[in-house]
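Data from my_file_36.pdb: PDB, C-alpha atoms, pLDDT in the B column
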ATOM      1  CA  MET A 217     -31.354  -8.567  40.649  1.00 43.00           C
ATOM      2  CA  ARG A 218     -28.561  -9.881  38.469  1.00 42.00           C
ATOM      3  CA  SER A 219     -25.180 -10.829  39.834  1.00 44.00           C
ATOM      4  CA  ARG A 220     -21.973  -9.451  38.420  1.00 43.00           C
ATOM      5  CA  HIS A 221     -21.475 -12.354  35.983  1.00 43.00           C
ATOM      6  CA  GLN A 222     -25.089 -12.809  34.975  1.00 41.00           C
ATOM      7  CA  SER A 223     -26.263 -10.782  32.049  1.00 42.00           C
ATOM      8  CA  TRP A 224     -29.258 -10.570  29.809  1.00 39.00           C
ATOM      9  CA  ARG A 225     -28.655 -12.694  26.771  1.00 40.00           C
ATOM     10  CA  ARG A 226     -30.608 -12.082  23.627  1.00 39.00           C
ATOM     11  CA  CYS A 227     -31.052 -14.374  20.715  1.00 41.00           C
ATOM     12  CA  SER A 228     -32.440 -13.418  17.351  1.00 41.00           C
ATOM     13  CA  THR A 229     -36.010 -13.824  18.646  1.00 42.00           C
ATOM     14  CA  GLY A 230     -35.465 -11.136  21.300  1.00 44.00           C
ATOM     15  CA  ASP A 231     -36.229 -13.408  24.256  1.00 43.00           C
ATOM     16  CA  ARG A 232     -34.964 -12.022  27.594  1.00 43.00           C
ATOM     17  CA  SER A 233     -36.056 -14.919  29.725  1.00 43.00           C
ATOM     18  CA  VAL A 234     -32.587 -16.391  29.937  1.00 43.00           C
ATOM     19  CA  ILE A 235     -30.565 -14.954  32.805  1.00 45.00           C
ATOM     20  CA  GLY A 236     -27.233 -16.496  33.729  1.00 45.00           C
ATOM     21  CA  ARG A 237     -27.743 -19.609  31.611  1.00 44.00           C
ATOM     22  CA  SER A 238     -25.171 -20.679  29.085  1.00 47.00           C
ATOM     23  CA  ARG A 239     -25.844 -20.044  25.449  1.00 47.00           C
ATOM     24  CA  SER A 240     -25.838 -23.757  24.674  1.00 48.00           C
ATOM     25  CA  ALA A 241     -28.686 -24.366  27.126  1.00 46.00           C
ATOM     26  CA  TYR A 242     -30.826 -21.808  25.367  1.00 45.00           C
ATOM     27  CA  THR A 243     -29.900 -22.766  21.801  1.00 46.00           C
ATOM     28  CA  ALA A 244     -30.826 -26.356  22.561  1.00 46.00           C
ATOM     29  CA  LYS A 245     -34.400 -25.100  22.750  1.00 47.00           C
ATOM     30  CA  MET A 246     -34.179 -23.408  19.372  1.00 47.00           C
ATOM     31  CA  THR A 247     -34.942 -25.409  16.278  1.00 46.00           C
ATOM     32  CA  LYS A 248     -32.284 -26.091  13.695  1.00 48.00           C
ATOM     33  CA  LYS A 249     -34.157 -23.998  11.161  1.00 48.00           C
ATOM     34  CA  SER A 250     -34.088 -20.882  13.336  1.00 49.00           C
ATOM     35  CA  ILE A 251     -30.382 -21.363  14.061  1.00 47.00           C
ATOM     36  CA  ASP A 252     -29.603 -21.547  10.340  1.00 50.00           C
ATOM     37  CA  LYS A 253     -31.631 -18.420   9.650  1.00 54.00           C
ATOM     38  CA  SER A 254     -30.031 -16.448  12.436  1.00 58.00           C
ATOM     39  CA  SER A 255     -26.473 -17.413  11.473  1.00 65.00           C
ATOM     40  CA  LYS A 256     -26.699 -16.145   7.882  1.00 71.00           C
ATOM     41  CA  PRO A 257     -26.031 -12.438   7.424  1.00 74.00           C
ATOM     42  CA  ARG A 258     -28.606 -10.461   5.520  1.00 84.00           C
ATOM     43  CA  VAL A 259     -27.607  -9.072   2.127  1.00 86.00           C
ATOM     44  CA  ARG A 260     -29.273  -6.156   0.402  1.00 88.00           C
ATOM     45  CA  ARG A 261     -28.724  -4.570  -2.977  1.00 90.00           C
ATOM     46  CA  VAL A 262     -27.916  -0.891  -2.975  1.00 90.00           C
ATOM     47  CA  SER A 263     -27.491   1.316  -5.997  1.00 91.00           C
ATOM     48  CA  ARG A 264     -24.738   3.975  -5.910  1.00 91.00           C
ATOM     49  CA  VAL A 265     -23.720   6.639  -8.422  1.00 92.00           C
ATOM     50  CA  ILE A 266     -20.052   7.454  -9.077  1.00 91.00           C
ATOM     51  CA  ARG A 267     -19.780  11.065 -10.185  1.00 92.00           C
ATOM     52  CA  ASP A 268     -16.200  12.094  -9.437  1.00 94.00           C
ATOM     53  CA  ILE A 269     -12.752  10.531  -9.213  1.00 94.00           C
ATOM     54  CA  ASP A 270     -10.145  12.663  -7.461  1.00 95.00           C
ATOM     55  CA  ALA A 271      -7.257  13.327  -9.854  1.00 96.00           C
ATOM     56  CA  TRP A 272      -4.734  13.706  -7.003  1.00 97.00           C
ATOM     57  CA  SER A 273      -5.669  10.265  -5.639  1.00 97.00           C
ATOM     58  CA  VAL A 274      -5.367   8.780  -9.110  1.00 97.00           C
ATOM     59  CA  PHE A 275      -1.928  10.382  -9.449  1.00 98.00           C
ATOM     60  CA  LYS A 276      -0.689   8.942  -6.134  1.00 98.00           C
ATOM     61  CA  VAL A 277      -2.047   5.444  -6.776  1.00 97.00           C
ATOM     62  CA  GLY A 278      -0.865   5.480 -10.392  1.00 97.00           C
ATOM     63  CA  LEU A 279       2.622   6.616  -9.454  1.00 97.00           C
ATOM     64  CA  VAL A 280       3.028   3.912  -6.817  1.00 98.00           C
ATOM     65  CA  PHE A 281       1.563   1.257  -9.136  1.00 98.00           C
ATOM     66  CA  HIS A 282       3.816   2.167 -12.060  1.00 97.00           C
ATOM     67  CA  LEU A 283       6.928   2.433  -9.871  1.00 97.00           C
ATOM     68  CA  VAL A 284       6.278  -1.006  -8.394  1.00 97.00           C
ATOM     69  CA  CYS A 285       5.758  -2.467 -11.879  1.00 97.00           C
ATOM     70  CA  TYR A 286       8.939  -0.720 -13.068  1.00 97.00           C
ATOM     71  CA  PHE A 287      11.060  -2.191 -10.273  1.00 96.00           C
ATOM     72  CA  VAL A 288       9.553  -5.662 -10.699  1.00 97.00           C
ATOM     73  CA  VAL A 289      10.297  -5.636 -14.434  1.00 95.00           C
ATOM     74  CA  LEU A 290      13.792  -4.215 -13.898  1.00 94.00           C
ATOM     75  CA  ILE A 291      14.673  -6.876 -11.298  1.00 95.00           C
ATOM     76  CA  ALA A 292      13.221  -9.621 -13.497  1.00 96.00           C
ATOM     77  CA  LEU A 293      15.299  -8.417 -16.450  1.00 94.00           C
ATOM     78  CA  VAL A 294      18.479  -8.382 -14.347  1.00 93.00           C
ATOM     79  CA  LEU A 295      17.781 -11.936 -13.193  1.00 95.00           C
ATOM     80  CA  LEU A 296      17.049 -13.111 -16.750  1.00 94.00           C
ATOM     81  CA  TRP A 297      20.212 -11.387 -18.010  1.00 92.00           C
ATOM     82  CA  ASN A 298      22.316 -13.178 -15.386  1.00 93.00           C
ATOM     83  CA  VAL A 299      20.742 -16.556 -16.220  1.00 94.00           C
ATOM     84  CA  ALA A 300      21.228 -16.004 -19.968  1.00 92.00           C
ATOM     85  CA  GLN A 301      24.838 -14.957 -19.430  1.00 91.00           C
ATOM     86  CA  SER A 302      25.663 -17.925 -17.179  1.00 92.00           C
ATOM     87  CA  THR A 303      24.073 -20.482 -19.523  1.00 93.00           C
ATOM     88  CA  GLY A 304      25.800 -19.095 -22.616  1.00 89.00           C
ATOM     89  CA  THR A 305      22.611 -18.015 -24.346  1.00 89.00           C
ATOM     90  CA  LEU A 306      23.964 -14.502 -24.952  1.00 87.00           C
ATOM     91  CA  ASP A 307      27.056 -15.906 -26.685  1.00 87.00           C
ATOM     92  CA  ASN A 308      24.849 -18.141 -28.856  1.00 89.00           C
ATOM     93  CA  VAL A 309      22.698 -15.177 -29.914  1.00 87.00           C
ATOM     94  CA  GLU A 310      25.801 -13.066 -30.643  1.00 85.00           C
ATOM     95  CA  ASN A 311      27.294 -15.877 -32.791  1.00 86.00           C
ATOM     96  CA  PHE A 312      23.949 -16.338 -34.563  1.00 87.00           C
ATOM     97  CA  MET A 313      23.814 -12.620 -35.439  1.00 85.00           C
ATOM     98  CA  GLU A 314      27.436 -12.709 -36.670  1.00 85.00           C
ATOM     99  CA  SER A 315      26.518 -15.587 -38.998  1.00 85.00           C
ATOM    100  CA  PHE A 316      24.233 -13.175 -40.897  1.00 82.00           C
ATOM    101  CA  GLY A 317      27.205 -11.000 -41.827  1.00 80.00           C
ATOM    102  CA  TRP A 318      27.511  -8.631 -38.898  1.00 79.00           C
ATOM    103  CA  GLU A 319      31.159  -8.177 -38.138  1.00 80.00           C
ATOM    104  CA  THR A 320      31.057  -7.588 -34.406  1.00 82.00           C
ATOM    105  CA  PHE A 321      27.732  -8.045 -32.704  1.00 81.00           C
ATOM    106  CA  ARG A 322      27.967  -7.810 -28.923  1.00 85.00           C
ATOM    107  CA  PHE A 323      25.473  -7.120 -26.137  1.00 86.00           C
ATOM    108  CA  ASP A 324      26.711  -4.435 -23.785  1.00 87.00           C
ATOM    109  CA  GLY A 325      24.827  -5.078 -20.550  1.00 85.00           C
ATOM    110  CA  SER A 326      25.685  -1.788 -18.847  1.00 88.00           C
ATOM    111  CA  GLU A 327      24.536   0.256 -21.834  1.00 91.00           C
ATOM    112  CA  LEU A 328      21.351  -1.774 -22.226  1.00 91.00           C
ATOM    113  CA  PHE A 329      20.352  -1.377 -18.602  1.00 91.00           C
ATOM    114  CA  ALA A 330      21.235   2.332 -18.538  1.00 92.00           C
ATOM    115  CA  ASN A 331      18.862   2.874 -21.455  1.00 93.00           C
ATOM    116  CA  LEU A 332      16.179   0.638 -19.872  1.00 93.00           C
ATOM    117  CA  TRP A 333      16.495   2.594 -16.624  1.00 92.00           C
ATOM    118  CA  VAL A 334      15.777   5.908 -18.358  1.00 95.00           C
ATOM    119  CA  LEU A 335      13.031   4.488 -20.617  1.00 96.00           C
ATOM    120  CA  GLY A 336      11.390   2.837 -17.630  1.00 95.00           C
ATOM    121  CA  LEU A 337      11.212   6.103 -15.700  1.00 96.00           C
ATOM    122  CA  LEU A 338       9.746   7.822 -18.749  1.00 97.00           C
ATOM    123  CA  ALA A 339       7.164   5.031 -18.994  1.00 97.00           C
ATOM    124  CA  VAL A 340       6.276   5.532 -15.302  1.00 97.00           C
ATOM    125  CA  ILE A 341       5.732   9.258 -15.857  1.00 97.00           C
ATOM    126  CA  LEU A 342       3.768   8.668 -19.063  1.00 98.00           C
ATOM    127  CA  GLY A 343       1.585   5.931 -17.558  1.00 97.00           C
ATOM    128  CA  THR A 344       0.776   8.032 -14.490  1.00 98.00           C
ATOM    129  CA  GLY A 345      -0.017  11.030 -16.679  1.00 97.00           C
ATOM    130  CA  ILE A 346      -2.356   8.934 -18.826  1.00 98.00           C
ATOM    131  CA  TRP A 347      -4.187   7.706 -15.721  1.00 97.00           C
ATOM    132  CA  VAL A 348      -4.682  11.289 -14.488  1.00 98.00           C
ATOM    133  CA  LEU A 349      -5.831  12.375 -17.942  1.00 98.00           C
ATOM    134  CA  LEU A 350      -8.345   9.510 -18.090  1.00 97.00           C
ATOM    135  CA  ALA A 351      -9.673  10.380 -14.619  1.00 97.00           C
ATOM    136  CA  THR A 352     -10.142  13.990 -15.697  1.00 97.00           C
ATOM    137  CA  ILE A 353     -11.935  12.929 -18.874  1.00 97.00           C
ATOM    138  CA  PHE A 354     -14.137  10.598 -16.791  1.00 96.00           C
ATOM    139  CA  ASN A 355     -15.031  13.514 -14.493  1.00 96.00           C
ATOM    140  CA  LEU A 356     -15.945  15.716 -17.473  1.00 96.00           C
ATOM    141  CA  ILE A 357     -18.115  13.016 -19.023  1.00 95.00           C
ATOM    142  CA  THR A 358     -19.914  12.229 -15.752  1.00 94.00           C
ATOM    143  CA  ASP A 359     -20.697  15.940 -15.366  1.00 93.00           C
ATOM    144  CA  LEU A 360     -22.556  15.692 -18.676  1.00 94.00           C
ATOM    145  CA  VAL A 361     -24.374  12.387 -18.162  1.00 94.00           C
ATOM    146  CA  GLY A 362     -24.840  12.387 -14.378  1.00 91.00           C
ATOM    147  CA  GLY A 363     -22.481   9.611 -13.314  1.00 91.00           C
ATOM    148  CA  VAL A 364     -22.131   5.862 -13.473  1.00 91.00           C
ATOM    149  CA  ARG A 365     -24.682   3.771 -11.566  1.00 93.00           C
ATOM    150  CA  VAL A 366     -23.194   0.806  -9.692  1.00 92.00           C
ATOM    151  CA  THR A 367     -25.105  -1.883  -7.800  1.00 93.00           C
ATOM    152  CA  VAL A 368     -23.432  -2.982  -4.576  1.00 91.00           C
ATOM    153  CA  LEU A 369     -24.300  -5.848  -2.252  1.00 90.00           C
ATOM    154  CA  GLU A 370     -24.154  -4.794   1.393  1.00 87.00           C
ATOM    155  CA  GLU A 371     -23.813  -7.543   3.977  1.00 85.00           C
ATOM    156  CA  GLU A 372     -24.990  -7.165   7.537  1.00 80.00           C
ATOM    157  CA  ILE A 373     -22.152  -7.333  10.034  1.00 80.00           C
ATOM    158  CA  ARG A 374     -22.998  -9.113  13.249  1.00 75.00           C
ATOM    159  CA  ILE A 375     -20.945  -8.493  16.332  1.00 76.00           C
ATOM    160  CA  VAL A 376     -21.206 -11.295  18.859  1.00 72.00           C
ATOM    161  CA  PRO A 377     -19.898 -10.297  22.303  1.00 74.00           C
ATOM    162  CA  LEU A 378     -17.703 -12.815  24.034  1.00 76.00           C
ATOM    163  CA  GLU A 379     -18.836 -13.688  27.541  1.00 73.00           C
ATOM    164  CA  SER A 380     -16.518 -14.526  30.396  1.00 67.00           C
ATOM    165  CA  ASP A 381     -16.366 -18.132  31.473  1.00 62.00           C
ATOM    166  CA  GLU A 382     -17.732 -18.492  35.011  1.00 59.00           C
ATOM    167  CA  THR A 383     -15.935 -21.821  35.567  1.00 58.00           C
ATOM    168  CA  SER A 384     -12.461 -20.338  35.141  1.00 56.00           C
ATOM    169  CA  ARG A 385     -12.478 -18.861  38.661  1.00 55.00           C
TER     170      ARG A 385
END

Please re-express this file's structure in structure tokens.
Amino acid sequence: MRSRHQSWRRCSTGDRSVIGRSRSAYTAKMTKKSIDKSSKPRVRRVSRVIRDIDAWSVFKVGLVFHLVCYFVVLIALVLLWNVAQSTGTLDNVENFMESFGWETFRFDGSELFANLWVLGLLAVILGTGIWVLLATIFNLITDLVGGVRVTVLEEEIRIVPLESDETSR
């Protein structure tokens, strides 16, 4: 009969002859070759067919993606505008444009960013709509041809239970 802290320990060979011994005592008996084989997860190739992409999921992911890109670009443009204004680059460009014969060439930052704000939101809506349209077209085409075959590598997941240390009492 086993005590409360002794348990059957299995190795990859399925040997149950080790009761209550530490893992290191048993693995010392195993050869290095068998340890290397048992530590590598098995990988197998599996073929899958993609036949449908949910348009609602594409809409949600596309909307979040385009909004994040929009805010990143908008913040980057604000930072670049502030750097260009503090270094005098905007004044140099305005003077350069006036040298070509323009009477008063000035950058109006508030007007530029108001227009970029509206154009950016239109680009978000357009980009998301294009993604949904492409997903719908993909679904129609895969209905005709039967789908897209994809080969996937599946790795075996090994769960190794942790055993309590009997010396910690």

field: Gap from atom CA of Gly362 of chain A to atom CA of Val277 of chain A - Å, one decimal
entry: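 Answer for the atom CA of Gly362 of chain A to atom CA of Val277 of chain A separation: 25.0 Å.
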
task: Can you work out the spacing between atom CA of Ala351 of chain A and atom CA of Gly363 of chain A in Å, to one decimal?
output: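 Value for the atom CA of Ala351 of chain A-atom CA of Gly363 of chain A distance: 12.9 Å.
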
Arg365 of chain A environment, 7 Å, only C-alpha atoms, sequence neighbours closer than 4 positions dropped, as a PyMOL selection string: chain A and resi 263-266

message: Under the PyMOL selection byres ((chain A and resi 372-376) around 6), which residues of this model are included? Write them out as a count of residues only.
response: 4

message: Quick check, in Å to one decimal: how far apart do atom CA of Phe323 of chain A and atom CA of Leu338 of chain A lie?
response: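 Taking atom CA of Phe323 of chain A as the start and atom CA of Leu338 of chain A as the end point, the length is 22.9 Å.
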
field: Long-range neighbours of Gly336 of chain A as a list in words, 10 Å cut-off, all atoms listed in the file, 6 positions minimum in chain
entry: His282, Leu283, Cys285, Tyr286, Phe287, Val289, Leu290, Phe329, Ala330 and Leu342 of chain A

- request: May I ask which of the residues A:Thr344, A:Asn311, A:Gln301, A:Thr352 is the closest one to Arg267 of chain A, counting only C-alpha atoms?
  value: A:Thr352

- request: Write out as a PyMOL selection string each polymer residue whose atoms come within 12 Å of segment 302-308 of chain A, counting only C-alpha atoms; drop sequence neighbours fewer than 4 positions from it.
  value: chain A and resi 295-298+312-315+321-325

- prompt: Taking into account only C-alpha atoms, which residue in the set A:Leu328, A:Val280, A:Val366, A:Val288 is nearest to Ile341 of chain A?
  reply: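 Of A:Leu328, A:Val280, A:Val366, A:Val288, the one nearest Ile341 of chain A, counting only C-alpha atoms, is A:Val280.
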